[in-house]
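A.B. asks: Sharing structure19.txt here; it has compact mmCIF, C-alpha atoms.
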```txt
# COMPACT_ATOMS: atom_id res chain seq x y z
CA MET A 15 34.99 2.91 3.04
CA LYS A 16 32.00 4.33 4.90
CA ARG A 17 28.67 2.63 4.24
CA ARG A 18 25.91 4.79 2.84
CA LEU A 19 22.65 4.41 1.01
CA TYR A 20 22.33 5.33 -2.65
CA GLN A 21 22.61 9.10 -3.02
CA GLY A 22 21.59 9.57 -6.66
CA THR A 23 18.39 10.36 -8.55
CA ASP A 24 17.83 7.16 -10.58
CA PHE A 25 14.94 5.36 -8.85
CA ARG A 26 15.88 2.12 -10.63
CA ARG A 27 19.03 1.90 -8.49
CA ALA A 28 17.07 1.99 -5.22
CA GLN A 29 17.41 -1.40 -3.56
CA ASN A 30 14.80 -0.83 -0.86
CA ILE A 31 11.98 1.52 0.05
CA ASP A 32 14.22 3.76 2.17
CA GLU A 33 16.48 4.41 -0.82
CA LEU A 34 13.42 5.08 -2.96
CA ARG A 35 12.29 7.57 -0.31
CA ALA A 36 15.62 9.39 -0.62
CA VAL A 37 15.25 9.64 -4.40
CA ALA A 38 11.71 10.98 -3.97
CA ARG A 39 12.90 13.61 -1.53
CA ARG A 40 15.36 14.97 -4.06
CA ARG A 41 12.90 14.97 -6.95
CA VAL A 42 9.91 16.83 -5.51
CA PRO A 43 9.76 20.18 -3.69
CA ASN A 44 9.97 20.17 0.09
CA PHE A 45 6.30 21.09 0.64
CA CYS A 46 5.17 18.07 -1.40
CA PHE A 47 7.49 15.68 0.39
CA GLU A 48 6.51 17.06 3.80
CA TYR A 49 2.85 16.49 3.02
CA VAL A 50 3.61 12.81 2.38
CA GLU A 51 6.11 12.36 5.19
CA GLY A 52 4.77 14.24 8.18
CA GLY A 53 2.74 13.08 11.17
CA SER A 54 0.75 14.90 13.82
CA ASP A 55 2.01 16.74 16.92
CA ASP A 56 5.31 15.20 18.12
CA GLU A 57 5.05 12.31 15.63
CA VAL A 58 5.09 9.69 18.39
CA THR A 59 2.57 7.50 16.56
CA LEU A 60 4.54 7.91 13.33
CA ARG A 61 7.69 6.54 14.98
CA ARG A 62 5.82 3.81 16.84
CA ASN A 63 4.39 2.50 13.57
CA ARG A 64 7.93 1.67 12.49
CA SER A 65 9.57 0.68 15.77
CA VAL A 66 6.97 -2.00 16.50
CA PHE A 67 8.30 -4.20 13.71
CA GLU A 68 11.69 -4.42 15.44
CA GLU A 69 10.03 -5.95 18.50
CA ILE A 70 8.72 -8.93 16.56
CA ALA A 71 11.24 -11.66 15.72
CA PHE A 72 11.05 -14.57 13.29
CA VAL A 73 11.46 -18.24 14.24
CA PRO A 74 12.32 -20.04 10.97
CA ARG A 75 11.92 -23.73 10.18
CA THR A 76 14.64 -25.62 8.35
CA LEU A 77 15.00 -28.54 5.95
CA VAL A 78 11.80 -27.61 4.15
CA ASP A 79 11.52 -27.76 0.37
CA VAL A 80 10.98 -24.14 -0.68
CA SER A 81 12.04 -24.52 -4.29
CA ALA A 82 8.53 -23.45 -5.35
CA ARG A 83 7.07 -20.53 -3.40
CA GLY A 84 3.83 -18.58 -3.56
CA GLN A 85 2.56 -15.32 -2.04
CA ALA A 86 -0.83 -14.93 -3.74
CA VAL A 87 -3.82 -14.37 -1.44
CA ASP A 88 -7.58 -14.40 -1.78
CA LEU A 89 -9.42 -11.12 -1.22
CA PHE A 90 -13.21 -11.21 -1.40
CA GLY A 91 -13.18 -14.34 -3.51
CA LYS A 92 -10.68 -13.03 -6.05
CA PRO A 93 -6.95 -13.71 -6.30
CA SER A 94 -4.39 -11.04 -5.52
CA ALA A 95 -0.82 -11.64 -6.63
CA ALA A 96 0.66 -10.38 -3.36
CA PRO A 97 -0.48 -9.86 0.25
CA PHE A 98 -0.57 -6.08 -0.13
CA MET A 99 -2.33 -3.36 -2.12
CA ILE A 100 -1.96 0.36 -2.74
CA GLY A 101 -3.96 2.33 -0.19
CA PRO A 102 -5.59 5.73 -0.68
CA THR A 103 -3.20 8.69 -0.76
CA GLY A 104 -4.48 12.19 -1.47
CA PHE A 105 -2.94 14.83 -3.75
CA SER A 106 -1.07 12.20 -5.79
CA GLY A 107 -1.28 14.55 -8.77
CA LEU A 108 1.09 16.89 -6.95
CA LEU A 109 3.82 14.26 -6.97
CA ALA A 110 3.72 13.18 -10.62
CA LYS A 111 1.61 13.81 -13.69
CA GLU A 112 -1.68 11.90 -13.45
CA GLY A 113 -0.40 10.40 -10.23
CA ASP A 114 -3.62 8.53 -9.40
CA LEU A 115 -3.59 6.80 -12.77
CA ALA A 116 0.09 5.93 -12.39
CA LEU A 117 -0.62 4.22 -9.06
CA ALA A 118 -3.64 2.38 -10.47
CA ARG A 119 -1.83 1.16 -13.57
CA ALA A 120 1.14 -0.10 -11.58
CA ALA A 121 -1.21 -1.97 -9.25
CA ALA A 122 -3.12 -3.51 -12.15
CA ALA A 123 0.10 -4.64 -13.83
CA ALA A 124 1.22 -6.24 -10.56
CA GLY A 125 -2.10 -8.00 -10.01
CA ILE A 126 -3.00 -6.21 -6.77
CA PRO A 127 -5.91 -3.89 -5.84
CA PHE A 128 -5.68 -0.11 -5.87
CA ILE A 129 -7.73 2.24 -3.66
CA LEU A 130 -8.41 5.62 -5.23
CA SER A 131 -8.29 8.51 -2.76
CA ASN A 132 -11.36 10.62 -2.08
CA ALA A 133 -9.01 13.58 -2.67
CA SER A 134 -7.78 12.36 -6.04
CA THR A 135 -6.90 14.71 -8.87
CA MET A 136 -8.42 12.45 -11.54
CA ARG A 137 -12.04 11.42 -11.98
CA LEU A 138 -12.84 7.94 -10.72
CA GLU A 139 -14.42 7.05 -14.08
CA GLU A 140 -11.24 7.94 -15.95
CA VAL A 141 -9.00 6.00 -13.58
CA THR A 142 -11.22 2.92 -13.77
CA GLU A 143 -11.45 3.01 -17.55
CA ARG A 144 -7.80 3.69 -18.29
CA ALA A 145 -6.15 1.60 -15.57
CA GLY A 146 -8.11 -1.64 -15.53
CA GLY A 147 -7.47 -4.04 -12.67
CA ARG A 148 -9.21 -4.02 -9.30
CA VAL A 149 -10.10 -0.43 -8.38
CA TRP A 150 -11.61 0.39 -4.99
CA MET A 151 -12.38 3.89 -3.73
CA GLN A 152 -12.00 5.74 -0.47
CA LEU A 153 -15.01 7.67 0.76
CA TYR A 154 -15.31 10.36 3.43
CA LEU A 155 -18.79 10.93 4.82
CA TYR A 156 -18.96 14.72 4.81
CA ARG A 157 -21.80 16.75 6.33
CA THR A 158 -23.46 16.93 2.93
CA ARG A 159 -24.70 13.35 2.74
CA ALA A 160 -26.21 14.01 -0.68
CA PHE A 161 -22.66 14.33 -2.02
CA ALA A 162 -21.77 10.90 -0.61
CA ALA A 163 -24.90 9.44 -2.19
CA LYS A 164 -23.95 10.89 -5.61
CA LEU A 165 -20.41 9.52 -5.28
CA VAL A 166 -21.81 6.08 -4.46
CA GLU A 167 -23.94 6.19 -7.60
CA ARG A 168 -20.89 7.17 -9.68
CA ALA A 169 -18.91 4.31 -8.13
CA LYS A 170 -21.70 1.88 -9.01
CA ALA A 171 -21.86 3.08 -12.60
CA ALA A 172 -18.08 2.86 -12.97
CA GLY A 173 -18.05 -0.73 -11.73
CA LEU A 174 -15.87 -0.17 -8.68
CA GLU A 175 -15.44 -3.28 -6.57
CA ALA A 176 -15.37 -1.76 -3.09
CA LEU A 177 -15.84 1.40 -1.06
CA VAL A 178 -13.42 2.11 1.77
CA VAL A 179 -15.02 4.57 4.17
CA THR A 180 -12.46 6.42 6.28
CA THR A 181 -13.76 7.05 9.79
CA ASP A 182 -10.83 8.50 11.73
CA SER A 183 -10.81 12.00 10.21
CA ALA A 184 -13.99 13.62 11.52
CA ILE A 185 -11.53 16.13 13.01
CA PHE A 186 -8.27 17.08 11.30
CA GLY A 187 -5.06 16.00 13.00
CA ASN A 188 -2.51 18.63 14.02
CA ARG A 189 0.19 18.35 11.34
CA GLU A 190 2.53 21.10 12.48
CA TRP A 191 5.45 20.26 10.21
CA ASP A 192 3.22 20.48 7.16
CA ARG A 193 1.89 23.89 8.23
CA ARG A 194 5.38 25.30 8.75
CA ASN A 195 5.83 25.38 4.98
CA TYR A 196 3.19 28.08 4.58
CA ALA A 197 3.10 31.80 5.34
CA ARG A 198 -0.69 31.50 5.58
CA PRO A 199 -3.10 28.69 4.69
CA LEU A 200 -1.92 27.13 1.39
CA LYS A 201 0.35 30.08 0.59
CA LEU A 202 3.94 28.86 0.52
CA ASN A 203 6.46 30.86 2.53
CA LEU A 204 9.47 32.39 0.81
CA ARG A 205 11.80 29.50 1.57
CA ASN A 206 9.47 26.94 0.01
CA THR A 207 8.64 29.19 -2.93
CA LEU A 208 12.34 29.37 -3.76
CA ASP A 209 12.64 25.62 -3.25
CA VAL A 210 9.95 25.01 -5.88
CA ALA A 211 12.01 26.99 -8.39
CA LEU A 212 14.91 24.60 -7.74
CA HIS A 213 12.85 21.67 -9.03
CA PRO A 214 12.35 22.40 -12.76
CA ARG A 215 11.78 18.75 -13.65
CA TRP A 216 8.86 18.59 -11.20
CA ILE A 217 7.47 21.89 -12.55
CA LEU A 218 7.52 20.59 -16.13
CA ASP A 219 5.93 17.30 -15.10
CA VAL A 220 3.23 18.54 -12.71
CA LEU A 221 2.51 22.24 -13.29
CA VAL A 222 2.93 22.63 -17.06
CA PRO A 223 0.66 23.42 -18.80
CA ASN A 224 -2.38 23.46 -16.48
CA GLY A 225 -0.96 24.66 -13.17
CA VAL A 226 -1.74 23.12 -9.78
CA PRO A 227 -3.88 19.96 -10.14
CA ARG A 228 -7.53 20.16 -9.10
CA PHE A 229 -9.71 17.81 -7.11
CA ALA A 230 -11.58 15.80 -9.70
CA ASN A 231 -14.19 13.98 -7.57
CA LEU A 232 -15.31 16.75 -5.21
CA GLY A 233 -17.09 18.97 -7.74
CA ASP A 234 -20.55 18.33 -6.29
CA LEU A 235 -19.29 19.28 -2.83
CA LEU A 236 -17.23 22.42 -3.53
CA PRO A 237 -18.37 25.91 -4.52
CA PRO A 238 -18.04 26.73 -8.25
CA GLY A 239 -14.44 27.36 -9.23
CA GLN A 240 -13.12 26.17 -5.85
CA ASP A 241 -11.87 22.73 -6.86
CA SER A 242 -8.18 23.67 -6.77
CA VAL A 243 -6.04 22.40 -3.91
CA ARG A 244 -5.98 25.91 -2.48
CA GLY A 245 -9.67 26.71 -2.93
CA ALA A 246 -10.91 23.38 -1.64
CA ALA A 247 -9.15 23.47 1.71
CA THR A 248 -11.59 25.76 3.48
CA ALA A 249 -14.66 24.07 2.03
CA ILE A 250 -13.48 20.58 2.98
CA ALA A 251 -12.64 21.70 6.53
CA LYS A 252 -16.21 22.94 6.93
CA GLU A 253 -17.59 19.64 5.60
CA LEU A 254 -15.86 17.44 8.20
CA ASP A 255 -18.54 15.91 10.40
CA PRO A 256 -17.69 15.30 14.07
CA SER A 257 -21.12 13.66 14.52
CA LEU A 258 -20.14 10.72 12.29
CA ASN A 259 -21.24 7.44 13.92
CA TRP A 260 -22.22 3.83 13.23
CA THR A 261 -25.68 4.85 12.02
CA ASP A 262 -23.96 6.48 9.04
CA ILE A 263 -22.22 3.20 8.22
CA ARG A 264 -25.58 1.42 8.20
CA TRP A 265 -26.93 4.17 5.91
CA LEU A 266 -24.02 3.67 3.54
CA ARG A 267 -24.47 -0.11 3.64
CA ASP A 268 -28.04 0.32 2.40
CA LEU A 269 -26.82 2.48 -0.51
CA TRP A 270 -23.86 0.45 -1.65
CA PRO A 271 -24.26 -3.10 -3.03
CA GLY A 272 -20.55 -3.83 -3.41
CA LYS A 273 -17.93 -4.64 -0.83
CA LEU A 274 -17.91 -2.18 2.08
CA ILE A 275 -14.74 -1.69 4.13
CA VAL A 276 -14.46 0.43 7.28
CA LYS A 277 -11.05 2.09 7.64
CA GLY A 278 -9.90 3.54 10.96
CA VAL A 279 -10.82 0.68 13.30
CA MET A 280 -8.42 0.21 16.24
CA THR A 281 -10.27 -1.97 18.77
CA VAL A 282 -11.96 -5.35 18.95
CA GLU A 283 -15.19 -3.64 19.96
CA ASP A 284 -15.25 -1.44 16.87
CA ALA A 285 -14.34 -4.37 14.64
CA ALA A 286 -17.36 -6.25 15.99
CA LEU A 287 -19.57 -3.21 15.39
CA ALA A 288 -18.36 -3.02 11.80
CA ALA A 289 -19.45 -6.62 11.30
CA GLU A 290 -22.84 -5.89 12.86
CA CYS A 291 -23.32 -2.95 10.47
CA GLY A 292 -22.81 -5.22 7.48
CA ALA A 293 -19.23 -4.35 6.55
CA ASP A 294 -17.31 -6.89 4.51
CA GLY A 295 -13.93 -5.85 5.82
CA ILE A 296 -12.01 -3.48 8.06
CA VAL A 297 -8.72 -1.65 7.85
CA LEU A 298 -6.90 -1.25 11.14
CA SER A 299 -5.44 2.23 10.81
CA ASN A 300 -4.15 5.18 12.82
CA HIS A 301 -3.99 7.16 9.57
CA GLY A 302 -0.25 6.71 9.25
CA GLY A 303 0.39 8.69 12.43
CA ARG A 304 -1.31 11.76 10.95
CA GLN A 305 -4.31 11.99 13.29
CA LEU A 306 -4.12 11.07 17.01
CA ASP A 307 -0.57 11.28 18.29
CA GLY A 308 0.37 8.76 20.95
CA ALA A 309 -1.90 6.03 19.58
CA VAL A 310 -0.94 2.37 19.48
CA SER A 311 0.25 0.88 16.23
CA THR A 312 -2.05 -1.32 14.17
CA MET A 313 0.28 -4.30 14.64
CA GLU A 314 -0.32 -4.13 18.38
CA VAL A 315 -4.08 -4.61 18.01
CA LEU A 316 -3.98 -6.95 15.00
CA PRO A 317 -3.69 -10.30 16.84
CA GLU A 318 -6.73 -9.77 19.08
CA VAL A 319 -8.84 -8.26 16.29
CA ALA A 320 -7.98 -11.04 13.84
CA SER A 321 -8.72 -13.64 16.50
CA GLU A 322 -12.13 -12.09 17.23
CA VAL A 323 -13.51 -11.21 13.75
CA GLY A 324 -11.16 -12.90 11.29
CA GLY A 325 -13.80 -15.39 10.28
CA ARG A 326 -16.45 -12.75 9.67
CA LEU A 327 -14.53 -9.87 8.11
CA ALA A 328 -11.51 -9.38 5.90
CA VAL A 329 -8.92 -7.90 8.26
CA MET A 330 -6.50 -5.47 6.63
CA LEU A 331 -4.18 -2.85 8.09
CA ASP A 332 -1.76 -0.06 7.27
CA GLY A 333 0.83 1.96 9.15
CA GLY A 334 4.60 2.02 8.68
CA PHE A 335 5.12 -0.88 6.27
CA ARG A 336 8.46 -0.50 4.50
CA ARG A 337 9.82 -4.04 4.15
CA GLY A 338 8.51 -7.35 2.89
CA SER A 339 9.35 -8.74 6.32
CA ASP A 340 6.88 -6.26 7.86
CA ILE A 341 4.15 -7.58 5.57
CA VAL A 342 4.99 -11.20 6.36
CA LYS A 343 4.77 -10.48 10.10
CA ALA A 344 1.32 -8.98 9.63
CA ARG A 345 0.16 -12.03 7.68
CA ALA A 346 1.46 -14.37 10.37
CA LEU A 347 -0.49 -12.40 12.99
CA GLY A 348 -3.75 -12.85 11.09
CA ALA A 349 -4.00 -10.07 8.48
CA ASP A 350 -5.56 -10.84 5.12
CA ALA A 351 -3.64 -8.03 3.42
CA VAL A 352 -1.65 -4.85 4.03
CA LEU A 353 -2.39 -1.38 2.61
CA LEU A 354 0.65 0.58 1.44
CA GLY A 355 0.62 4.35 1.68
CA ARG A 356 3.99 6.06 1.85
CA ALA A 357 5.95 3.11 0.41
CA THR A 358 4.33 3.26 -3.04
CA THR A 359 3.94 7.04 -2.86
CA TYR A 360 7.73 7.30 -2.59
CA GLY A 361 7.90 5.33 -5.82
CA LEU A 362 5.43 7.70 -7.48
CA ALA A 363 7.39 10.76 -6.39
CA ALA A 364 10.68 9.19 -7.45
CA GLY A 365 9.70 7.96 -10.89
CA GLY A 366 5.99 8.10 -11.74
CA GLU A 367 4.33 4.84 -12.77
CA ALA A 368 7.67 3.10 -13.28
CA GLY A 369 8.73 4.18 -9.79
CA VAL A 370 5.56 2.69 -8.29
CA ALA A 371 6.18 -0.53 -10.18
CA HIS A 372 9.72 -0.59 -8.79
CA ALA A 373 8.41 -0.18 -5.23
CA ILE A 374 5.94 -3.04 -5.74
CA ASP A 375 8.66 -5.25 -7.20
CA ILE A 376 10.98 -4.54 -4.27
CA LEU A 377 8.31 -5.60 -1.79
CA LYS A 378 7.20 -8.66 -3.77
CA THR A 379 10.79 -9.83 -3.96
CA GLU A 380 11.31 -9.27 -0.23
CA VAL A 381 8.12 -11.13 0.68
CA ASP A 382 9.17 -14.07 -1.49
CA ARG A 383 12.62 -14.16 0.08
CA VAL A 384 11.37 -13.95 3.67
CA VAL A 385 8.75 -16.66 3.15
CA GLY A 386 11.39 -18.99 1.74
CA LEU A 387 13.89 -18.27 4.52
CA LEU A 388 11.19 -18.97 7.10
CA GLY A 389 10.81 -22.47 5.70
CA CYS A 390 7.45 -21.89 4.01
CA ALA A 391 6.54 -22.98 0.51
CA ASP A 392 3.52 -20.69 0.50
CA LEU A 393 2.29 -17.65 2.39
CA SER A 394 -0.80 -19.59 3.47
CA GLN A 395 1.39 -21.75 5.69
CA LEU A 396 2.34 -18.84 7.93
CA ASP A 397 0.99 -18.66 11.46
CA THR A 398 2.05 -17.27 14.83
CA SER A 399 4.40 -20.22 15.48
CA PHE A 400 6.90 -18.43 13.21
CA LEU A 401 7.01 -15.37 15.50
CA ARG A 402 8.21 -14.30 18.93
CA TRP A 403 7.07 -11.03 20.48
CA PRO A 404 8.77 -10.61 23.87
CA GLY A 405 6.42 -9.34 26.57
CA ARG A 406 3.31 -9.87 24.45
CA PRO A 407 1.19 -13.00 24.36
CA ILE A 408 0.34 -14.05 20.82
CA PRO A 409 -2.85 -16.05 20.23
CA PRO A 410 -2.38 -19.76 19.38
CA ALA A 411 -1.31 -20.59 15.86
CA ARG A 412 -4.10 -20.94 13.32
CA ASN A 413 -4.64 -24.16 11.42
CA VAL A 414 -2.52 -24.11 8.29
CA GLU A 415 -1.91 -26.32 5.33
CA PRO A 416 0.65 -29.13 5.77
CA ARG A 417 4.10 -27.80 5.02
CA ARG A 418 5.38 -29.10 1.73
CA GLY A 419 8.68 -30.89 1.78
CA ILE A 420 8.40 -32.24 5.36
CA PRO A 421 8.54 -36.02 4.92
CA THR A 422 5.61 -37.93 6.37
CA PRO A 423 6.92 -41.12 8.04
CA VAL A 424 5.44 -44.35 6.73
CA ALA A 425 4.55 -46.87 9.41
CA GLY A 426 7.47 -49.19 10.03
CA GLN A 427 9.81 -47.20 7.77
CA ALA A 428 13.00 -45.61 9.16
CA THR A 429 13.18 -41.90 8.29
CA ASN A 430 16.67 -40.94 9.48
CA SER A 431 20.02 -42.51 10.29
CA ASN A 432 19.26 -42.93 14.01
CA GLN A 433 16.04 -44.81 13.26
CA LYS A 434 17.90 -46.99 10.76
CA ARG A 435 20.48 -47.93 13.39
CA GLU A 436 17.74 -48.63 15.94
CA ALA A 437 15.96 -50.85 13.38
CA GLN A 438 19.14 -52.87 12.93
CA ILE A 439 19.64 -53.57 16.64
```
Give the structure from this file in structure tokens form.
C.D. replies:
Amino acid sequence: MKRRLYQGTDFRRAQNIDELRAVARRRVPNFCFEYVEGGSDDEVTLRRNRSVFEEIAFVPRTLVDVSARGQAVDLFGKPSAAPFMIGPTGFSGLLAKEGDLALARAAAAAGIPFILSNASTMRLEEVTERAGGRVWMQLYLYRTRAFAAKLVERAKAAGLEALVVTTDSAIFGNREWDRRNYARPLKLNLRNTLDVALHPRWILDVLVPNGVPRFANLGDLLPPGQDSVRGAATAIAKELDPSLNWTDIRWLRDLWPGKLIVKGVMTVEDAALAAECGADGIVLSNHGGRQLDGAVSTMEVLPEVASEVGGRLAVMLDGGFRRGSDIVKARALGADAVLLGRATTYGLAAGGEAGVAHAIDILKTEVDRVVGLLGCADLSQLDTSFLRWPGRPIPPARNVEPRRGIPTPVAGQATNSNQKREAQI
């Protein structure tokens, strides 16, 4: 019998993120899925983000007691139940009803942080109040700085823990595959219009009764009545600021008293600048392959960045994570946590909040399994000694806690059969 992945529509039967992706593809219209899936230009960066994980191999230990295992991590002095969180993904309301809230609730239930997108379709105050948990928010610094200042004040009042300022989108990437779905800007072509009609379940969930979701946090930036996905596109494009620089990060640092995270860093030099500007953390990111095509993956720069600023900043990253083993490799190379974008978005598109929860559970289970098979009782024991990356030097292993279950010899005491025989001679 020929092997094949699950071909149905029940997200609960998906055994991994790839199968969840397939369910999502069948549930939502093509133009929605393409928005989530696509990269820029020839999608070289998009493919590289995934292929890099195959280059890195594990070196497991054996005869270690792993009967009790842990994967919780500390992020900014607070516990997180897993070494990953849900990163900011725009237009989530186009994938499922109240998509932003569904993501936030699933994260809160799992004990991990959630980052609300700047382009969310629900107000940050509503998400924070109804979801609970640790809610952070993504911020773009548009030309109208007064809008950013107002958003910061709203974030303060809502009690958000952190702002994640995205810095790699001062110019839009060239997402050709996304544009091919439209006859003109944000007007679906005939093929995609017919495809929407073939997805009645999505129509009833997302479009009925209020039509296309609207941007809920951009009202102070957009012209009156232009907060729909279609109406906002032109206004947002005009607000992108190619002059964005480190002075703007210092300005934001003065405004915001909470944790400040700079997303879009890809070099040691920029990581150091983020620390100098007062950031509390960075996210290594090539925007999921949606901006500069031909860029390196975040995993390729992680070891040197973590080695340089790991003691001063929380070092996080995103880009292509689909398996628990991917997340474990990032932790071993020095990451504090991983941001998930497409992986949890597939869950949202496949089954709403329950689908997101299923995606999180898949990854938690995989992380737990990989840590145990590596011969670790806890994620904190991971370091670079558990990895091999042919052709790439990896910095020396960090100091880690003593591995549980490895017997410590007592002076004069034989610890194995050979030593016992030697003691008898």
A.B. asks: Which residues are close to Leu393 in chain A, i.e. within 7 Å by only C-alpha atoms, leaving aside same-chain residues fewer than 5 positions away? Reply as a ChimeraX atom specification.
C.D. replies: /A:84-85,385
A.B. asks: So, counting all atoms listed in the file, which residue among A:Ile129, A:Leu306, A:Val141, A:Leu89 is closest to Leu115 in chain A?
C.D. replies: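 Smallest distance to Leu115 in chain A is found for A:Val141.
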A.B. asks: Between A:Gly295, A:Pro227, A:Pro127, A:Pro97, which one has atoms that come closest to Val179 in chain A, using only C-alpha atoms?
C.D. replies: A:Gly295
A.B. asks: Identify the residues within 10 Å of coordinate (10.4, 0.3, -6.2) (same frame as the file), considering all atoms listed in the file, and give the answer as a VMD selection string.
C.D. replies: chain A and resid 25 to 35 357 to 362 364 to 365 368 to 378
A.B. asks: Closest to Pro404 in chain A among A:Glu69, A:Glu139, A:Asp24, A:Leu212, using all atoms listed in the file?
C.D. replies: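 Under the stated criterion, the closest residue is A:Glu69.
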A.B. asks: Using CA of Tyr154 in chain A and CA of Thr180 in chain A as the two end points, give the distance in Å to one decimal.
C.D. replies: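 These two atoms are separated by 5.6 Å.
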A.B. asks: Can you work out which one of A:Arg228, A:Arg304, A:Asp268, A:Thr312 has the shortest atom-to-atom distance to Gly292 in chain A, counting only C-alpha atoms?
C.D. replies: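 Ranking A:Arg228, A:Arg304, A:Asp268, A:Thr312 by distance to Gly292 in chain A, first place goes to A:Asp268.
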A.B. asks: Nearest residue to Ile100 in chain A out of A:Arg402, A:Arg345, A:Lys252, A:Arg356, using all atoms listed in the file?
C.D. replies: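 Checking each of A:Arg402, A:Arg345, A:Lys252, A:Arg356 against Ile100 in chain A, counting all atoms listed in the file, the winner is A:Arg356.
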A.B. asks: Counting all atoms listed in the file, I want the residues whose atoms come within 7 Å of (-9.2, 3.4, 1.8) in the file frame, returned as a list in words.
C.D. replies: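 I get Gly101, Pro102, Ile129, Ser131, Met151, Gln152, Val178, Val179, Thr180 and Lys277 of chain A for the residues within 7 Å of that point.
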A.B. asks: So which one's closest to Ala230 in chain A, A:Leu177, A:Val384, A:Leu266, A:Leu165? Using all atoms listed in the file, please.
C.D. replies: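 Looking only at the distances to Ala230 in chain A, the closest residue turns out to be A:Leu165.
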A.B. asks: Mind pulling up the distance from CA of Gln305 in chain A to CA of Ser321 in chain A?
C.D. replies: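 About the pair CA of Ser321 in chain A and CA of Gln305 in chain A: they are 26.2 Å apart.
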